[in-house]
>>> print(open('start_17.tsv').read())   # TSV, C-alpha atoms
chain	number	residue	atom	x	y	z
X	1	MET	CA	2.75	-23.95	-25.95
X	2	LYS	CA	0.70	-20.94	-24.94
X	3	VAL	CA	0.79	-19.08	-21.63
X	4	TRP	CA	-1.70	-16.51	-20.45
X	5	VAL	CA	-0.20	-13.31	-19.09
X	6	ARG	CA	-2.07	-10.90	-16.84
X	7	ALA	CA	-0.34	-7.55	-16.38
X	8	PHE	CA	-0.96	-4.88	-13.78
X	9	ALA	CA	-0.12	-1.23	-13.14
X	10	GLY	CA	2.49	0.22	-15.52
X	11	LEU	CA	2.79	-3.04	-17.46
X	12	ARG	CA	-0.93	-3.14	-18.04
X	13	GLU	CA	-0.71	0.23	-19.76
X	14	ILE	CA	1.77	-1.30	-22.20
X	15	LEU	CA	0.63	-4.91	-22.58
X	16	GLY	CA	-3.09	-4.56	-21.93
X	17	ASP	CA	-4.69	-6.53	-19.11
X	18	GLU	CA	-4.44	-9.93	-20.77
X	19	LEU	CA	-2.05	-11.37	-23.31
X	20	THR	CA	-1.46	-14.82	-24.76
X	21	VAL	CA	2.15	-15.61	-25.60
X	22	GLU	CA	3.34	-18.56	-27.67
X	23	LEU	CA	6.61	-20.11	-26.50
X	24	PRO	CA	8.67	-23.22	-27.28
X	25	ASP	CA	7.69	-26.18	-25.08
X	26	ASP	CA	9.39	-26.35	-21.67
X	27	SER	CA	10.39	-22.68	-21.71
X	28	ALA	CA	11.29	-21.07	-18.40
X	29	MET	CA	10.14	-17.68	-17.15
X	30	PRO	CA	13.15	-15.75	-18.57
X	31	VAL	CA	12.14	-16.82	-22.08
X	32	LEU	CA	8.66	-15.41	-21.56
X	33	LEU	CA	9.99	-12.14	-20.17
X	34	ARG	CA	12.42	-11.76	-23.06
X	35	GLU	CA	9.66	-12.50	-25.56
X	36	ILE	CA	7.47	-9.81	-24.00
X	37	SER	CA	10.30	-7.27	-23.96
X	38	ASP	CA	11.12	-7.99	-27.60
X	39	HIS	CA	7.53	-7.37	-28.64
X	40	PHE	CA	6.90	-4.46	-26.28
X	41	PRO	CA	10.15	-2.46	-25.96
X	42	GLU	CA	8.48	0.00	-23.55
X	43	ALA	CA	8.00	-2.86	-21.10
X	44	GLU	CA	11.70	-3.56	-20.91
X	45	GLU	CA	12.47	-0.93	-18.27
X	46	LEU	CA	9.73	-2.30	-16.02
X	47	ILE	CA	11.02	-5.87	-16.36
X	48	TYR	CA	14.79	-5.41	-16.32
X	49	GLU	CA	17.26	-3.24	-14.43
X	50	PRO	CA	19.47	-0.98	-16.58
X	51	ASP	CA	22.25	-3.56	-16.21
X	52	GLY	CA	20.07	-6.22	-17.81
X	53	TYR	CA	19.25	-8.17	-14.66
X	54	LEU	CA	15.63	-8.91	-13.87
X	55	SER	CA	14.01	-6.19	-11.76
X	56	ASP	CA	13.72	-7.27	-8.12
X	57	SER	CA	10.64	-5.12	-7.74
X	58	LEU	CA	8.69	-7.11	-10.34
X	59	VAL	CA	6.16	-9.41	-8.71
X	60	LEU	CA	5.87	-12.69	-10.66
X	61	ILE	CA	3.15	-15.21	-10.00
X	62	ILE	CA	2.65	-18.52	-11.84
X	63	ASN	CA	-0.74	-20.16	-11.36
X	64	GLY	CA	-1.21	-18.33	-8.08
X	65	ASN	CA	2.24	-19.05	-6.66
X	66	GLU	CA	4.61	-16.13	-6.22
X	67	VAL	CA	8.06	-16.76	-7.66
X	68	GLY	CA	10.92	-15.05	-5.83
X	69	THR	CA	13.32	-13.34	-8.22
X	70	ALA	CA	16.06	-15.75	-7.10
X	71	TYR	CA	14.03	-18.64	-8.52
X	72	VAL	CA	12.92	-17.12	-11.81
X	73	GLU	CA	15.69	-18.74	-13.88
X	74	GLY	CA	14.47	-22.22	-13.02
X	75	ALA	CA	10.74	-21.49	-13.13
X	76	LEU	CA	9.48	-23.71	-15.93
X	77	LEU	CA	6.26	-22.90	-17.71
X	78	ALA	CA	3.70	-25.26	-19.15
X	79	ASP	CA	0.96	-24.94	-21.72
X	80	GLY	CA	-2.02	-23.06	-20.27
X	81	ASP	CA	-0.13	-21.51	-17.35
X	82	GLU	CA	-1.30	-18.18	-16.00
X	83	VAL	CA	1.48	-15.71	-15.32
X	84	VAL	CA	0.90	-12.48	-13.41
X	85	LEU	CA	3.33	-9.59	-13.88
X	86	PHE	CA	3.12	-6.67	-11.49
X	87	PRO	CA	5.85	-4.02	-11.35
X	88	GLY	CA	4.63	-2.42	-8.12
X	89	VAL	CA	3.94	1.26	-7.50
X	90	GLY	CA	5.54	3.43	-4.86
X	91	GLY	CA	3.84	6.81	-4.70
X	92	GLU	CA	2.17	9.14	-2.17
P	1	MET	CA	-20.79	10.78	26.23
P	2	LEU	CA	-24.25	10.20	24.80
P	3	GLN	CA	-23.66	12.79	22.10
P	4	GLU	CA	-20.33	11.20	21.32
P	5	LEU	CA	-21.92	7.79	20.90
P	6	GLU	CA	-24.72	9.29	18.83
P	7	ARG	CA	-22.06	10.32	16.35
P	8	TYR	CA	-21.16	6.69	15.76
P	9	LYS	CA	-24.70	5.28	15.84
P	10	ARG	CA	-24.77	4.07	12.25
P	11	GLN	CA	-21.44	2.24	12.39
P	12	MET	CA	-22.20	0.72	15.79
P	13	LEU	CA	-24.90	-1.22	13.96
P	14	LEU	CA	-21.92	-3.14	12.54
P	15	PHE	CA	-19.79	-3.75	15.61
P	16	GLY	CA	-21.73	-2.43	18.58
P	17	GLU	CA	-20.66	-0.17	21.43
P	18	GLU	CA	-17.96	-2.67	22.25
P	19	GLY	CA	-16.38	-2.23	18.82
P	20	GLN	CA	-16.66	1.53	19.12
P	21	GLU	CA	-14.89	1.36	22.47
P	22	LYS	CA	-12.07	-0.55	20.76
P	23	LEU	CA	-11.72	2.23	18.21
P	24	LYS	CA	-11.74	4.87	20.95
P	25	ASN	CA	-9.02	3.06	22.88
P	26	ALA	CA	-6.82	2.60	19.82
P	27	SER	CA	-3.70	4.51	18.94
P	28	VAL	CA	-2.58	4.73	15.31
P	29	LEU	CA	0.51	6.17	13.63
P	30	ILE	CA	-0.16	7.51	10.15
P	31	ALA	CA	3.20	7.86	8.43
P	32	GLY	CA	2.69	10.68	5.95
P	33	ALA	CA	0.12	13.44	5.57
P	34	GLY	CA	0.06	13.36	1.78
P	35	GLY	CA	-2.25	11.81	-0.79
P	36	LEU	CA	-2.80	8.60	1.18
P	37	GLY	CA	-2.35	9.90	4.73
P	38	CYS	CA	-5.03	12.56	4.30
P	39	PRO	CA	-7.97	10.29	3.40
P	40	VAL	CA	-6.86	7.59	5.85
P	41	ALA	CA	-6.63	10.09	8.72
P	42	LEU	CA	-9.90	11.80	7.79
P	43	TYR	CA	-11.89	8.58	7.85
P	44	LEU	CA	-10.22	7.20	10.97
P	45	ALA	CA	-10.91	10.47	12.77
P	46	ALA	CA	-14.51	10.47	11.60
P	47	ALA	CA	-14.88	6.86	12.74
P	48	GLY	CA	-13.61	7.75	16.22
P	49	VAL	CA	-10.15	6.17	16.41
P	50	GLY	CA	-9.10	7.57	19.77
P	51	ARG	CA	-5.52	8.67	19.21
P	52	ILE	CA	-4.16	9.59	15.81
P	53	ARG	CA	-0.52	10.54	15.42
P	54	ILE	CA	0.26	11.84	11.94
P	55	ALA	CA	3.85	12.52	10.95
P	56	ASP	CA	5.13	14.43	7.93
P	57	ARG	CA	8.10	16.71	7.32
P	58	ASP	CA	6.75	18.74	4.41
P	59	THR	CA	4.87	22.00	3.99
P	60	VAL	CA	1.68	22.36	2.02
P	61	GLU	CA	2.17	23.38	-1.59
P	62	ILE	CA	-0.50	24.40	-4.06
P	63	SER	CA	0.31	21.34	-6.20
P	64	ASN	CA	-0.70	19.09	-3.27
P	65	LEU	CA	-4.27	20.29	-3.22
P	66	ASN	CA	-5.64	18.06	-6.00
P	67	ARG	CA	-5.55	15.13	-3.59
P	68	GLN	CA	-4.35	16.00	-0.07
P	69	ILE	CA	-7.78	16.70	1.27
P	70	LEU	CA	-6.88	17.67	4.84
P	71	HIS	CA	-5.06	20.75	3.59
P	72	MET	CA	-6.97	23.83	2.50
P	73	TYR	CA	-5.97	26.67	0.21
P	74	LYS	CA	-5.30	28.82	3.29
P	75	ASP	CA	-2.80	26.21	4.54
P	76	ILE	CA	-0.30	26.73	1.71
P	77	GLY	CA	3.09	27.27	3.34
P	78	GLN	CA	2.01	25.66	6.63
P	79	LYS	CA	3.47	22.40	7.94
P	80	LYS	CA	1.36	19.49	6.74
P	81	SER	CA	1.42	17.98	10.22
P	82	ALA	CA	-0.13	21.14	11.70
P	83	SER	CA	-2.63	21.56	8.91
P	84	ALA	CA	-3.70	17.92	9.19
P	85	GLU	CA	-4.03	18.18	12.96
P	86	GLU	CA	-6.22	21.28	12.68
P	87	THR	CA	-8.59	19.68	10.18
P	88	LEU	CA	-8.83	16.40	12.08
P	89	ARG	CA	-9.63	18.21	15.33
P	90	ALA	CA	-12.38	20.09	13.53
P	91	VAL	CA	-13.77	16.83	12.13
P	92	ASN	CA	-13.91	15.12	15.50
P	93	PRO	CA	-13.34	16.92	18.81
P	94	TYR	CA	-13.77	13.68	20.75
P	95	ILE	CA	-10.42	12.21	19.70
P	96	GLU	CA	-6.79	13.07	20.35
P	97	VAL	CA	-4.74	14.18	17.37
P	98	GLU	CA	-1.01	14.73	17.36
P	99	GLY	CA	0.63	16.20	14.26
P	100	ILE	CA	4.37	15.74	14.28
P	101	CYS	CA	6.63	17.59	11.87
P	102	THR	CA	9.54	15.25	11.38
P	103	THR	CA	11.42	13.14	8.89
P	104	ILE	CA	10.67	9.53	9.74
P	105	GLU	CA	14.01	7.80	10.10
P	106	ARG	CA	15.77	5.10	12.06
P	107	SER	CA	16.65	7.47	14.91
P	108	ASN	CA	13.04	8.40	15.73
P	109	ILE	CA	10.89	5.55	14.44
P	110	SER	CA	10.80	3.73	17.79
P	111	GLU	CA	9.61	6.87	19.52
P	112	LEU	CA	6.96	7.50	16.86
P	113	ALA	CA	5.69	3.93	16.65
P	114	GLY	CA	6.60	2.45	20.01
P	115	ASP	CA	3.26	3.01	21.73
P	116	VAL	CA	0.79	2.58	18.87
P	117	ASP	CA	-1.51	-0.32	18.04
P	118	LEU	CA	-0.84	-0.14	14.35
P	119	ILE	CA	0.95	1.79	11.65
P	120	VAL	CA	-0.44	3.09	8.38
P	121	ASP	CA	2.08	3.32	5.56
P	122	ALA	CA	1.17	6.49	3.69
P	123	MET	CA	4.69	7.32	2.57
P	124	ASP	CA	5.96	8.49	-0.80
P	125	ASN	CA	9.13	6.39	-0.84
P	126	PHE	CA	10.13	2.79	-0.29
P	127	THR	CA	13.15	3.60	1.86
P	128	THR	CA	10.86	4.77	4.66
P	129	ARG	CA	8.33	2.06	3.87
P	130	TYR	CA	11.00	-0.58	4.47
P	131	LEU	CA	11.87	1.11	7.75
P	132	LEU	CA	8.22	1.04	8.85
P	133	ASN	CA	8.05	-2.61	7.81
P	134	GLU	CA	11.14	-3.47	9.81
P	135	VAL	CA	9.86	-1.78	12.96
P	136	ALA	CA	6.41	-3.27	12.52
P	137	VAL	CA	7.81	-6.79	12.19
P	138	LYS	CA	10.25	-6.42	15.09
P	139	SER	CA	7.65	-4.88	17.39
P	140	GLY	CA	4.76	-7.09	16.29
P	141	ILE	CA	2.71	-4.08	15.18
P	142	PRO	CA	0.40	-4.49	12.16
P	143	LEU	CA	1.20	-2.33	9.15
P	144	MET	CA	-1.36	-1.25	6.55
P	145	HIS	CA	0.53	-0.66	3.31
P	146	GLY	CA	-0.70	1.43	0.42
P	147	ALA	CA	0.96	2.97	-2.62
P	148	ILE	CA	-0.25	4.58	-5.82
P	149	SER	CA	0.85	5.85	-9.20
P	150	GLY	CA	-1.49	7.51	-11.65
P	151	PHE	CA	-4.64	5.44	-12.00
P	152	PHE	CA	-3.06	2.43	-10.25
P	153	GLY	CA	-2.76	1.52	-6.61
P	154	GLN	CA	-1.92	-1.35	-4.30
P	155	ALA	CA	-2.68	-2.24	-0.69
P	156	THR	CA	-1.94	-5.06	1.69
P	157	THR	CA	-2.07	-5.67	5.42
P	158	ILE	CA	0.96	-6.99	7.24
P	159	VAL	CA	0.37	-8.80	10.50
P	160	PRO	CA	3.81	-9.86	11.76
P	161	GLY	CA	4.17	-13.61	12.10
P	162	LYS	CA	0.99	-14.28	10.13
P	163	SER	CA	1.47	-12.66	6.75
P	164	PRO	CA	4.26	-11.87	4.32
P	165	CYS	CA	5.99	-8.61	5.15
P	166	LEU	CA	6.64	-5.82	2.67
P	167	ARG	CA	10.11	-7.21	1.91
P	168	CYS	CA	8.64	-10.63	1.09
P	169	ILE	CA	6.33	-9.06	-1.48
P	170	PHE	CA	8.72	-6.38	-2.76
P	171	PRO	CA	12.32	-7.44	-2.13
P	172	LYS	CA	13.42	-4.28	-3.88
P	173	ALA	CA	11.75	-0.89	-4.25
P	174	PRO	CA	10.06	0.03	-7.51
P	175	PRO	CA	12.22	2.43	-9.55
P	176	LYS	CA	12.24	6.01	-8.34
P	177	VAL	CA	10.41	7.93	-11.00
P	178	GLU	CA	8.34	11.08	-10.96
P	179	PHE	CA	4.90	9.53	-10.88
P	180	PRO	CA	1.57	11.10	-11.77
P	181	VAL	CA	-0.91	11.36	-8.92
P	182	LEU	CA	-4.68	11.42	-9.16
P	183	GLY	CA	-6.82	12.32	-6.14
P	184	PRO	CA	-9.37	9.54	-6.59
P	185	THR	CA	-6.62	6.89	-6.78
P	186	ALA	CA	-5.21	8.11	-3.46
P	187	GLY	CA	-8.75	8.19	-2.12
P	188	VAL	CA	-9.56	4.61	-3.17
P	189	ILE	CA	-6.36	3.16	-1.71
P	190	GLY	CA	-6.59	5.37	1.40
P	191	MET	CA	-10.13	4.09	1.97
P	192	ILE	CA	-8.93	0.50	1.66
P	193	GLN	CA	-6.25	1.21	4.27
P	194	ALA	CA	-8.71	2.94	6.62
P	195	ASN	CA	-11.12	0.05	6.19
P	196	GLU	CA	-8.36	-2.40	7.09
P	197	VAL	CA	-7.57	-0.41	10.23
P	198	ILE	CA	-11.19	-0.39	11.36
P	199	LYS	CA	-11.61	-4.11	10.66
P	200	PHE	CA	-8.44	-4.95	12.52
P	201	LEU	CA	-9.33	-2.86	15.55
P	202	THR	CA	-12.90	-4.08	15.80
P	203	GLY	CA	-12.16	-7.67	14.83
P	204	THR	CA	-14.58	-7.44	11.92
P	205	GLY	CA	-14.36	-9.03	8.48
P	206	GLU	CA	-11.36	-10.47	6.74
P	207	LEU	CA	-8.07	-8.63	6.42
P	208	LEU	CA	-5.84	-8.25	3.37
P	209	THR	CA	-3.19	-10.43	4.99
P	210	GLY	CA	-1.39	-12.53	2.41
P	211	LYS	CA	-3.26	-10.68	-0.30
P	212	LEU	CA	-2.16	-7.81	-2.47
P	213	LEU	CA	-5.09	-5.71	-3.63
P	214	LEU	CA	-4.52	-4.02	-6.98
P	215	TRP	CA	-6.69	-1.14	-8.14
P	216	ASP	CA	-6.87	-0.16	-11.78
P	217	GLY	CA	-8.72	3.11	-12.07
P	218	THR	CA	-8.64	3.03	-15.86
P	219	SER	CA	-11.08	0.12	-15.89
P	220	SER	CA	-12.42	0.54	-12.33
P	221	THR	CA	-11.36	-3.00	-11.43
P	222	MET	CA	-9.81	-4.53	-8.36
P	223	ASP	CA	-7.84	-7.75	-8.28
P	224	LEU	CA	-6.54	-9.74	-5.36
P	225	LEU	CA	-3.25	-11.57	-5.71
P	226	GLU	CA	-2.23	-14.18	-3.16
P	227	VAL	CA	1.22	-13.38	-1.78
P	228	GLU	CA	3.33	-15.63	0.40
P	229	ARG	CA	5.96	-15.30	3.07
P	230	GLN	CA	9.47	-15.85	1.77
P	231	PRO	CA	11.31	-18.22	4.12
P	232	ASP	CA	14.61	-16.49	3.33
P	233	CYS	CA	13.25	-12.96	3.93
P	234	GLY	CA	15.87	-10.96	5.83
P	235	ILE	CA	13.18	-9.11	7.81
P	236	CYS	CA	10.50	-11.63	8.79
P	237	GLY	CA	12.11	-14.94	7.84
P	238	CYS	CA	13.14	-15.66	11.42
P	239	LEU	CA	9.64	-15.22	12.87
>>> encode(input="start_17.tsv", output="structure tokens")
Amino acid sequence: MKVWVRAFAGLREILGDELTVELPDDSAMPVLLREISDHFPEAEELIYEPDGYLSDSLVLIINGNEVGTAYVEGALLADGDEVVLFPGVGGE
Amino acid sequence: MLQELERYKRQMLLFGEEGQEKLKNASVLIAGAGGLGCPVALYLAAAGVGRIRIADRDTVEISNLNRQILHMYKDIGQKKSASAEETLRAVNPYIEVEGICTTIERSNISELAGDVDLIVDAMDNFTTRYLLNEVAVKSGIPLMHGAISGFFGQATTIVPGKSPCLRCIFPKAPPKVEFPVLGPTAGVIGMIQANEVIKFLTGTGELLTGKLLLWDGTSSTMDLLEVERQPDCGICGCL
């Protein structure tokens, strides 16, 4: 299946503004995030904490619905889904 | 009085003398007199927001001057709060301006924000942002959030009880890194925040409640993401 990823802020600089990612059917969000990190190593520090856990400051949205970090593990993806990744900015 | 109203003639075409009176009677806390606080304060002063309290603990440095437009070259070494107050008074003598040199913290936030109609988040760190969010939610005071890094920026408006709070959207602060800062990025996001303040006070337009505006200066695009309240949010979940 294919999912459409839209990245913002620091992740957009690395991934570009749009990206299509091919995943095994019935993959959950962690599979997508790992796939992205494997292909774009610079994105890893914006997606994961140094201890390997998912960054709590990463905003994740699937088809317009925000997914709290506590629910990411179980967030299943389907063919054609739109996933928004936004790492947040904190300056000024 | 007539001269004062003449100043606002062009914007009163939008919301009338009644709207202008609402701005004049309003009291706003701008938390930070840096890259965001400067443009927000400048435009709110120009628009005639009656009482502006602007709080910052820092002094003006030469490296601030690419973006912190209330501070002039002559102000280097001065307290930002004093420098901002001086410029805002010069921009509009019809309003009250109070520059406060202080570190915004738990011990003084109630005093700083207790009597205002809304708070503008123009901070440079999420620790203080979360404190502003907490006070805003507990006191029922709207909070206009903005943050930037390089060419990118974000803004949202928090109306307690009606919108997600900052903790709902960002349960944890973005990593502390030394971020690049571009004046126009601060200007764009500061303008969005000032616009939100004016809309809220005059009851005009549609607010960024439940929406996170994202600015990408590299492509000059803005996106709006829908954001939702988190029922288990430790700050606003009980509202």
>>> residues_around(input="start_17.tsv", residues="region 74-82 of chain X", least_positions_apart="2", cutoff="7 Å", atoms="all atoms listed in the file", output="MDAnalysis selection string")
chainID X and resid 1:5 26:29 62:63 71:72 84
>>> interface_residues(input="start_17.tsv", of="chain X", to="chain P", cutoff="12 Å", atoms="only C-alpha atoms", output="PyMOL selection string")
chain X and resi 6-13+16-17+45-50+54-71+83-92
>>> atom_distance(input="start_17.tsv", atom1="CA of Asn92 (chain P)", atom2="CA of Thr204 (chain P)")
22.9 Å
>>> atom_distance(input="start_17.tsv", atom1="CA of Thr157 (chain P)", atom2="CA of His145 (chain P)")
6.0 Å
>>> closest_atom_pairs(input="start_17.tsv", of="region 73-141 of chain P", to="region 14-31 of chain P", cutoff="6 Å", atoms="all atoms listed in the file", output="tab-separated table")
residue	atom	partner	partner_atom	distance
P:Val116	CA	P:Ser27	CA	4.9
P:Asp117	CA	P:Ser27	CA	5.4
P:Leu118	CA	P:Val28	CA	5.3
P:Ile119	CA	P:Leu29	CA	4.8
P:Val120	CA	P:Ile30	CA	4.8
P:Asp121	CA	P:Ala31	CA	5.5
P:Ala122	CA	P:Ala31	CA	5.3
>>> residues_around(input="start_17.tsv", residues="region 96-109 of chain P", least_positions_apart="3", cutoff="9 Å", atoms="all atoms listed in the file", output="PyMOL selection string")
chain P and resi 31-32+45+49-58+79-86+88-89+92-93+112-114+128+131-132+135
>>> atom_distance(input="start_17.tsv", atom1="CA of Glu61 (chain P)", atom2="CA of Thr87 (chain P)")
16.4 Å
>>> residues_near_point(input="start_17.tsv", point="(-9.0, -7.4, 1.7)", cutoff="9 Å", atoms="all atoms listed in the file", output="MDAnalysis selection string")
chainID P and resid 155:157 192 195:196 205:209 211:213 224
